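Worksheet for the structure shown next.
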Amino acid sequence: MAGIYLHIPFCKQACTYCNFHFTTSLRYKDDLVNALAGEAEAEKGYLNGEIVHTLYFGGGTPSLLAVADLGLLISALKEHYPLAPDAEITLEANPDDVTKENVRQWKGLGINRLSIGIQSFFEEELRWMNRAHNATQAKACIEASYEAGIDNLSIDLIYGSPLLTDAMWEQNVKTAIAYNIKHLSCYALTVEEKTPLHKNILQHKTLDVDSEKQARQFLQLMHWLRTVGYEHYEVSNFAKPGFRSRHNSSYWKGTPYLGLGPSAHSFNGTERRWNIPNNNVYIKTTNEGSTEREAEVLSLAQQLNETIMISLRTMEGIDLNKIQETWGEGERRRMEAELAKYINHGLVQIHQQHAQLTDEGMLRADGIAADLFV
């Protein structure tokens, strides 16, 4: 079982909070699409012939690509990789790109899941974030997807922004529930350096985030979604039973995956590598047959730390039996000793030999994981 991620680094405009690799110029779109197809062919041996169960078009804004571009890429992938008949094929999309006609054409290519960056259903918040869509489109995109035949939807929502009151946050979540959204990815607004948001905060043009409000809204979110039957299967992700993201779940299980495109990451079990985040260099070097990238071979200690980080964020938690089988009884005893203080403070629980975060523990997931590192 393996997955393939394609990074499409184009956006209509820059959101204030975003630090992903993207450009608002489409000047070299065709060249980059061709380079992606070329890299797909060049790297066809990376996954050692494993069946590919998930394709994920991320970005950036993949929904900006023409249907012909997406078709070219999917055809290249099918030509060079064994794709499972029931493969999950996800396209990230902005609401303003989601029309009934587009969805019908995407479905015709085999795309069967959309991840839509809604972020908020409130106009004032969308303007503050500098999103390309408006509140009307935030709802219309869901209706268009359903009418055109793709109902496996994931939507992104952001909480903890200076404008978002608890009442507004509740309304955002209730709207998603009312639309019977199968999957939600919900993120606390993060202030990344060198973003417009970071600059505006430094210049006192907007308020900074309130960590207490973010914690409160996250706890509210967990309660609301659990009440109506969503699985909180990863810190930021919630799904109706049977609708977890198969692609992202493979990351959290340590499954091999291939990343194509500028800034994309790949992992084969022991080595992690990443393409440099420069579109022009990516196009040039890929066309020359030598995509420029960096790589590191993970030591046993690094592999353990990655297992801790990704497992602790999931609903299943850290499998202590697996820790013992892979890294030895001594490592399990060390970890159990470190976990004891978090268990005593109600942040971690042990269930069927798995160390799992409680709701309060979810608020400190990264810090707890770091404390368990070797």
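By convention in this document, the chains of the structure tokens carry letters A, B, ... by their order, each chain's residues are numbered from 1, and ligands are numbered from 1 in the order they are shown.
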
Tell me, as a PyMOL selection string, which residues lie within 12 Å of Arg226 of chain A, counting only C-alpha atoms; anything in the same chain fewer than 3 positions away does not count.
chain A and resi 173+177+219-223+229-233+237-241+359

Preceding selection exported with N, CA and C atoms as an mmCIF file, in the first residue's frame:
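File again11.cif, as written:
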data_model
loop_
_atom_site.group_PDB
_atom_site.id
_atom_site.type_symbol
_atom_site.label_atom_id
_atom_site.label_comp_id
_atom_site.auth_asym_id
_atom_site.auth_seq_id
_atom_site.Cartn_x
_atom_site.Cartn_y
_atom_site.Cartn_z
ATOM 1 N N VAL A 173 -19.381 25.425 12.755
ATOM 2 C CA VAL A 173 -19.413 23.973 12.944
ATOM 3 C C VAL A 173 -20.817 23.437 12.686
ATOM 4 N N ILE A 177 -22.090 20.553 9.988
ATOM 5 C CA ILE A 177 -22.886 19.401 10.418
ATOM 6 C C ILE A 177 -24.196 19.327 9.631
ATOM 7 N N LEU A 219 -11.702 22.744 22.414
ATOM 8 C CA LEU A 219 -12.457 21.863 23.306
ATOM 9 C C LEU A 219 -13.941 21.856 22.931
ATOM 10 N N GLN A 220 -14.474 23.026 22.568
ATOM 11 C CA GLN A 220 -15.859 23.088 22.110
ATOM 12 C C GLN A 220 -16.051 22.228 20.865
ATOM 13 N N LEU A 221 -15.124 22.351 19.936
ATOM 14 C CA LEU A 221 -15.191 21.594 18.685
ATOM 15 C C LEU A 221 -15.250 20.098 18.949
ATOM 16 N N MET A 222 -14.369 19.608 19.806
ATOM 17 C CA MET A 222 -14.349 18.176 20.105
ATOM 18 C C MET A 222 -15.693 17.715 20.666
ATOM 19 N N HIS A 223 -16.253 18.497 21.556
ATOM 20 C CA HIS A 223 -17.536 18.134 22.166
ATOM 21 C C HIS A 223 -18.652 18.120 21.125
ATOM 22 N N GLY A 229 -21.500 12.175 16.330
ATOM 23 C CA GLY A 229 -21.013 10.932 15.743
ATOM 24 C C GLY A 229 -19.742 10.980 14.929
ATOM 25 N N TYR A 230 -19.019 12.099 14.970
ATOM 26 C CA TYR A 230 -17.737 12.142 14.258
ATOM 27 C C TYR A 230 -16.646 11.464 15.084
ATOM 28 N N GLU A 231 -15.732 10.767 14.403
ATOM 29 C CA GLU A 231 -14.532 10.234 15.031
ATOM 30 C C GLU A 231 -13.456 11.310 15.041
ATOM 31 N N HIS A 232 -12.895 11.564 16.201
ATOM 32 C CA HIS A 232 -11.756 12.489 16.290
ATOM 33 C C HIS A 232 -10.504 11.631 16.146
ATOM 34 N N TYR A 233 -10.150 11.323 14.888
ATOM 35 C CA TYR A 233 -9.142 10.286 14.658
ATOM 36 C C TYR A 233 -7.718 10.816 14.564
ATOM 37 N N ASN A 237 -8.285 16.369 12.794
ATOM 38 C CA ASN A 237 -9.166 15.754 11.801
ATOM 39 C C ASN A 237 -10.290 14.948 12.434
ATOM 40 N N PHE A 238 -11.489 15.119 11.851
ATOM 41 C CA PHE A 238 -12.710 14.491 12.330
ATOM 42 C C PHE A 238 -13.439 13.880 11.136
ATOM 43 N N ALA A 239 -13.990 12.686 11.316
ATOM 44 C CA ALA A 239 -14.645 12.031 10.188
ATOM 45 C C ALA A 239 -15.866 11.245 10.632
ATOM 46 N N LYS A 240 -16.853 11.200 9.754
ATOM 47 C CA LYS A 240 -17.943 10.251 9.930
ATOM 48 C C LYS A 240 -17.347 8.851 9.802
ATOM 49 N N PRO A 241 -17.891 7.850 10.484
ATOM 50 C CA PRO A 241 -17.354 6.488 10.375
ATOM 51 C C PRO A 241 -17.245 6.044 8.914
ATOM 52 N N ASP A 359 -8.771 14.673 25.926
ATOM 53 C CA ASP A 359 -9.123 15.950 25.304
ATOM 54 C C ASP A 359 -8.160 17.052 25.729
#

Long-range neighbours of Ser311 of chain A as a PyMOL selection string, 12 Å cut-off, only C-alpha atoms, 3 positions minimum in chain:
chain A and resi 233-235+249-254+303-308+314-320+322-323+354-357+365-366+368-369+372

Write the residues you've just listed into a file as a JSON list (two decimals), in the first residue's frame, and include C-alpha atoms for each of them.
[["chain", "number", "residue", "atom", "x", "y", "z"],
["A", 233, "TYR", "CA", -9.14, 10.29, 14.66],
["A", 234, "GLU", "CA", -6.25, 12.78, 14.57],
["A", 235, "VAL", "CA", -5.67, 16.01, 16.47],
["A", 249, "SER", "CA", -3.95, 8.25, 7.49],
["A", 250, "SER", "CA", -1.15, 6.56, 5.56],
["A", 251, "TYR", "CA", 1.20, 9.36, 6.64],
["A", 252, "TRP", "CA", 0.33, 8.78, 10.28],
["A", 253, "LYS", "CA", 0.90, 5.03, 9.91],
["A", 254, "GLY", "CA", 4.35, 5.49, 8.36],
["A", 303, "GLN", "CA", 12.44, 6.64, 13.35],
["A", 304, "LEU", "CA", 11.30, 6.20, 16.94],
["A", 305, "ASN", "CA", 10.73, 9.94, 17.37],
["A", 306, "GLU", "CA", 8.67, 10.07, 14.17],
["A", 307, "THR", "CA", 6.60, 7.11, 15.37],
["A", 308, "ILE", "CA", 5.98, 8.91, 18.66],
["A", 314, "THR", "CA", -4.02, 9.82, 16.35],
["A", 315, "MET", "CA", -7.05, 8.38, 18.10],
["A", 316, "GLU", "CA", -5.30, 5.01, 18.44],
["A", 317, "GLY", "CA", -2.22, 6.53, 20.10],
["A", 318, "ILE", "CA", 1.21, 4.95, 20.62],
["A", 319, "ASP", "CA", 1.20, 1.16, 20.45],
["A", 320, "LEU", "CA", 3.43, 0.24, 23.39],
["A", 322, "LYS", "CA", 5.05, -2.15, 18.88],
["A", 323, "ILE", "CA", 7.55, 0.08, 20.68],
["A", 354, "HIS", "CA", -1.93, 2.13, 23.66],
["A", 355, "ALA", "CA", -0.99, 5.54, 25.08],
["A", 356, "GLN", "CA", -3.71, 7.96, 24.00],
["A", 357, "LEU", "CA", -4.19, 11.68, 24.53],
["A", 365, "ALA", "CA", 0.12, 17.12, 21.74],
["A", 366, "ASP", "CA", 3.37, 18.47, 20.30],
["A", 368, "ILE", "CA", 4.06, 15.83, 25.11],
["A", 369, "ALA", "CA", 5.47, 14.10, 22.02],
["A", 372, "LEU", "CA", 8.92, 11.48, 24.86]]

Excluding segment 342-345 of chain A and residues on its chain fewer than 2 positions from it, collect all residues at most 12 Å away from it, counting only C-alpha atoms, and give them as a list in words.
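So the residues in contact are Met335, Glu336, Ala337, Glu338, Leu339, Ala340, Leu347, Val348, Gln349, Ile350, His351, Ala355, Gln356, Leu357, Thr358, Glu360, Gly361, Met362, Arg364, Ala365, Gly367, Ile368, Ala369, Asp371 and Leu372 of chain A.
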
For N, CA and C atoms, I'd like the residues from the last selection saved as a PDB file, in the first residue's frame.
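Output contents, as saved in result28.pdb:
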ATOM      1  N   MET A 335       9.675   4.909  28.082  1.00  0.00           N
ATOM      2  CA  MET A 335       8.511   5.673  27.640  1.00  0.00           C
ATOM      3  C   MET A 335       7.396   5.642  28.679  1.00  0.00           C
ATOM      4  N   GLU A 336       7.157   4.477  29.271  1.00  0.00           N
ATOM      5  CA  GLU A 336       6.117   4.382  30.295  1.00  0.00           C
ATOM      6  C   GLU A 336       6.434   5.263  31.499  1.00  0.00           C
ATOM      7  N   ALA A 337       7.722   5.350  31.834  1.00  0.00           N
ATOM      8  CA  ALA A 337       8.114   6.221  32.946  1.00  0.00           C
ATOM      9  C   ALA A 337       7.858   7.685  32.603  1.00  0.00           C
ATOM     10  N   GLU A 338       8.147   8.087  31.361  1.00  0.00           N
ATOM     11  CA  GLU A 338       7.898   9.468  30.933  1.00  0.00           C
ATOM     12  C   GLU A 338       6.401   9.758  30.873  1.00  0.00           C
ATOM     13  N   LEU A 339       5.625   8.767  30.473  1.00  0.00           N
ATOM     14  CA  LEU A 339       4.179   8.957  30.339  1.00  0.00           C
ATOM     15  C   LEU A 339       3.481   9.097  31.684  1.00  0.00           C
ATOM     16  N   ALA A 340       4.083   8.557  32.726  1.00  0.00           N
ATOM     17  CA  ALA A 340       3.412   8.499  34.029  1.00  0.00           C
ATOM     18  C   ALA A 340       2.941   9.864  34.501  1.00  0.00           C
ATOM     19  N   LEU A 347      -3.713  13.917  31.152  1.00  0.00           N
ATOM     20  CA  LEU A 347      -3.443  14.306  29.764  1.00  0.00           C
ATOM     21  C   LEU A 347      -3.270  13.106  28.847  1.00  0.00           C
ATOM     22  N   VAL A 348      -2.949  11.955  29.425  1.00  0.00           N
ATOM     23  CA  VAL A 348      -2.751  10.718  28.668  1.00  0.00           C
ATOM     24  C   VAL A 348      -3.459   9.594  29.416  1.00  0.00           C
ATOM     25  N   GLN A 349      -3.992   8.636  28.648  1.00  0.00           N
ATOM     26  CA  GLN A 349      -4.580   7.438  29.240  1.00  0.00           C
ATOM     27  C   GLN A 349      -4.000   6.215  28.525  1.00  0.00           C
ATOM     28  N   ILE A 350      -3.952   5.094  29.209  1.00  0.00           N
ATOM     29  CA  ILE A 350      -3.514   3.844  28.600  1.00  0.00           C
ATOM     30  C   ILE A 350      -4.737   2.978  28.376  1.00  0.00           C
ATOM     31  N   HIS A 351      -4.953   2.586  27.116  1.00  0.00           N
ATOM     32  CA  HIS A 351      -6.102   1.743  26.769  1.00  0.00           C
ATOM     33  C   HIS A 351      -5.619   0.627  25.859  1.00  0.00           C
ATOM     34  N   ALA A 355      -0.997   4.263  24.370  1.00  0.00           N
ATOM     35  CA  ALA A 355      -0.986   5.540  25.084  1.00  0.00           C
ATOM     36  C   ALA A 355      -1.725   6.568  24.236  1.00  0.00           C
ATOM     37  N   GLN A 356      -2.843   7.071  24.762  1.00  0.00           N
ATOM     38  CA  GLN A 356      -3.711   7.964  24.000  1.00  0.00           C
ATOM     39  C   GLN A 356      -3.882   9.290  24.723  1.00  0.00           C
ATOM     40  N   LEU A 357      -3.948  10.360  23.969  1.00  0.00           N
ATOM     41  CA  LEU A 357      -4.185  11.680  24.534  1.00  0.00           C
ATOM     42  C   LEU A 357      -5.646  11.820  24.953  1.00  0.00           C
ATOM     43  N   THR A 358      -5.877  12.468  26.087  1.00  0.00           N
ATOM     44  CA  THR A 358      -7.231  12.869  26.467  1.00  0.00           C
ATOM     45  C   THR A 358      -7.550  14.172  25.740  1.00  0.00           C
ATOM     46  N   GLU A 360      -7.881  17.141  27.022  1.00  0.00           N
ATOM     47  CA  GLU A 360      -6.943  18.161  27.493  1.00  0.00           C
ATOM     48  C   GLU A 360      -5.544  17.894  26.952  1.00  0.00           C
ATOM     49  N   GLY A 361      -5.193  16.632  26.829  1.00  0.00           N
ATOM     50  CA  GLY A 361      -3.883  16.294  26.285  1.00  0.00           C
ATOM     51  C   GLY A 361      -3.720  16.719  24.840  1.00  0.00           C
ATOM     52  N   MET A 362      -4.834  16.699  24.075  1.00  0.00           N
ATOM     53  CA  MET A 362      -4.781  17.136  22.686  1.00  0.00           C
ATOM     54  C   MET A 362      -4.252  18.566  22.557  1.00  0.00           C
ATOM     55  N   ARG A 364      -1.923  19.812  24.112  1.00  0.00           N
ATOM     56  CA  ARG A 364      -0.477  19.846  24.323  1.00  0.00           C
ATOM     57  C   ARG A 364       0.223  18.728  23.570  1.00  0.00           C
ATOM     58  N   ALA A 365      -0.370  18.291  22.461  1.00  0.00           N
ATOM     59  CA  ALA A 365       0.124  17.117  21.742  1.00  0.00           C
ATOM     60  C   ALA A 365       1.601  17.231  21.370  1.00  0.00           C
ATOM     61  N   GLY A 367       3.991  19.172  22.536  1.00  0.00           N
ATOM     62  CA  GLY A 367       4.881  19.240  23.688  1.00  0.00           C
ATOM     63  C   GLY A 367       5.055  17.899  24.372  1.00  0.00           C
ATOM     64  N   ILE A 368       3.968  17.151  24.489  1.00  0.00           N
ATOM     65  CA  ILE A 368       4.059  15.826  25.109  1.00  0.00           C
ATOM     66  C   ILE A 368       4.914  14.906  24.248  1.00  0.00           C
ATOM     67  N   ALA A 369       4.682  14.936  22.931  1.00  0.00           N
ATOM     68  CA  ALA A 369       5.465  14.098  22.019  1.00  0.00           C
ATOM     69  C   ALA A 369       6.945  14.432  22.144  1.00  0.00           C
ATOM     70  N   ASP A 371       8.554  15.600  24.592  1.00  0.00           N
ATOM     71  CA  ASP A 371       9.071  15.141  25.878  1.00  0.00           C
ATOM     72  C   ASP A 371       9.360  13.645  25.880  1.00  0.00           C
ATOM     73  N   LEU A 372       8.720  12.918  24.948  1.00  0.00           N
ATOM     74  CA  LEU A 372       8.920  11.477  24.864  1.00  0.00           C
ATOM     75  C   LEU A 372      10.066  11.101  23.918  1.00  0.00           C
TER      76      LEU A 372
END

Report, in Å to a single decimal, how far apart atom CA of Glu39 of chain A and atom CA of Ile276 of chain A are.
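So the two atoms, atom CA of Ile276 of chain A and atom CA of Glu39 of chain A, lie 13.5 Å apart.
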
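In this structure, atom CA of Leu32 of chain A sits 27.5 Å away from atom CA of Met1 of chain A.
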
Using the chain letters and numbers from this document, which residues of segment 206-355 of chain A does DSSP assign to strand (DSSP E or B), as a PyMOL selection string?
chain A and resi 231-234+237-239+257-260+265-267+271-275+293-297+314+318-319+348-351+354-355

At a cut-off of 8 Å, using only C-alpha atoms, what residues contact segment 64-76 of chain A? Leave out same-chain residues fewer than 4 positions from it and give the result as number ranges by chain.
A: 10-11, 30, 33, 36-37, 40-41, 80, 93, 97, 102, 105-106, 109

For the selection you just gave me, I'd like the residues written to a file as a JSON list (two decimals), in the first residue's frame, keeping N, CA and C atoms.
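selection00.json, written as the output of this step:
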[["chain", "number", "residue", "atom", "x", "y", "z"],
["A", 10, "PHE", "N", 0.16, 26.86, -7.26],
["A", 10, "PHE", "CA", -0.47, 28.06, -7.83],
["A", 10, "PHE", "C", -1.67, 28.48, -6.99],
["A", 11, "CYS", "N", -1.82, 29.78, -6.77],
["A", 11, "CYS", "CA", -2.98, 30.34, -6.08],
["A", 11, "CYS", "C", -3.41, 31.63, -6.77],
["A", 30, "ASP", "N", 1.94, 25.52, -17.58],
["A", 30, "ASP", "CA", 2.06, 24.39, -18.51],
["A", 30, "ASP", "C", 3.40, 23.70, -18.36],
["A", 33, "VAL", "N", 3.31, 21.57, -15.15],
["A", 33, "VAL", "CA", 2.50, 20.36, -15.31],
["A", 33, "VAL", "C", 3.29, 19.30, -16.09],
["A", 36, "LEU", "N", 5.91, 17.85, -13.85],
["A", 36, "LEU", "CA", 5.31, 16.89, -12.93],
["A", 36, "LEU", "C", 5.13, 15.52, -13.59],
["A", 37, "ALA", "N", 4.64, 15.53, -14.81],
["A", 37, "ALA", "CA", 4.46, 14.27, -15.54],
["A", 37, "ALA", "C", 5.82, 13.61, -15.77],
["A", 40, "ALA", "N", 7.02, 12.08, -12.52],
["A", 40, "ALA", "CA", 6.26, 10.86, -12.25],
["A", 40, "ALA", "C", 6.87, 9.67, -12.99],
["A", 41, "GLU", "N", 7.28, 9.88, -14.22],
["A", 41, "GLU", "CA", 7.91, 8.80, -14.98],
["A", 41, "GLU", "C", 9.29, 8.47, -14.43],
["A", 80, "HIS", "N", 2.45, 4.73, -15.11],
["A", 80, "HIS", "CA", 3.72, 4.35, -14.49],
["A", 80, "HIS", "C", 3.58, 3.69, -13.11],
["A", 93, "ALA", "N", -9.47, 21.99, -3.35],
["A", 93, "ALA", "CA", -10.16, 22.98, -4.18],
["A", 93, "ALA", "C", -10.54, 24.19, -3.35],
["A", 97, "ASP", "N", -13.79, 27.78, -7.19],
["A", 97, "ASP", "CA", -13.54, 26.93, -8.36],
["A", 97, "ASP", "C", -14.52, 25.78, -8.46],
["A", 102, "ASN", "N", -17.44, 21.86, -13.25],
["A", 102, "ASN", "CA", -16.09, 21.43, -12.88],
["A", 102, "ASN", "C", -16.12, 20.10, -12.13],
["A", 105, "GLN", "N", -16.66, 17.19, -14.40],
["A", 105, "GLN", "CA", -15.46, 16.86, -15.18],
["A", 105, "GLN", "C", -14.39, 16.23, -14.28],
["A", 106, "TRP", "N", -14.24, 16.71, -13.06],
["A", 106, "TRP", "CA", -13.28, 16.10, -12.14],
["A", 106, "TRP", "C", -13.67, 14.65, -11.86],
["A", 109, "LEU", "N", -12.68, 12.25, -14.47],
["A", 109, "LEU", "CA", -11.26, 11.88, -14.47],
["A", 109, "LEU", "C", -10.94, 10.81, -13.42]]

Name the residues of segment 41-152 of chain A that fall into alpha helix (DSSP H) according to DSSP on the backbone, using the chain letters and numbers of this document, as a PyMOL selection string.
chain A and resi 41-42+67-80+100-108+123-129+135-148
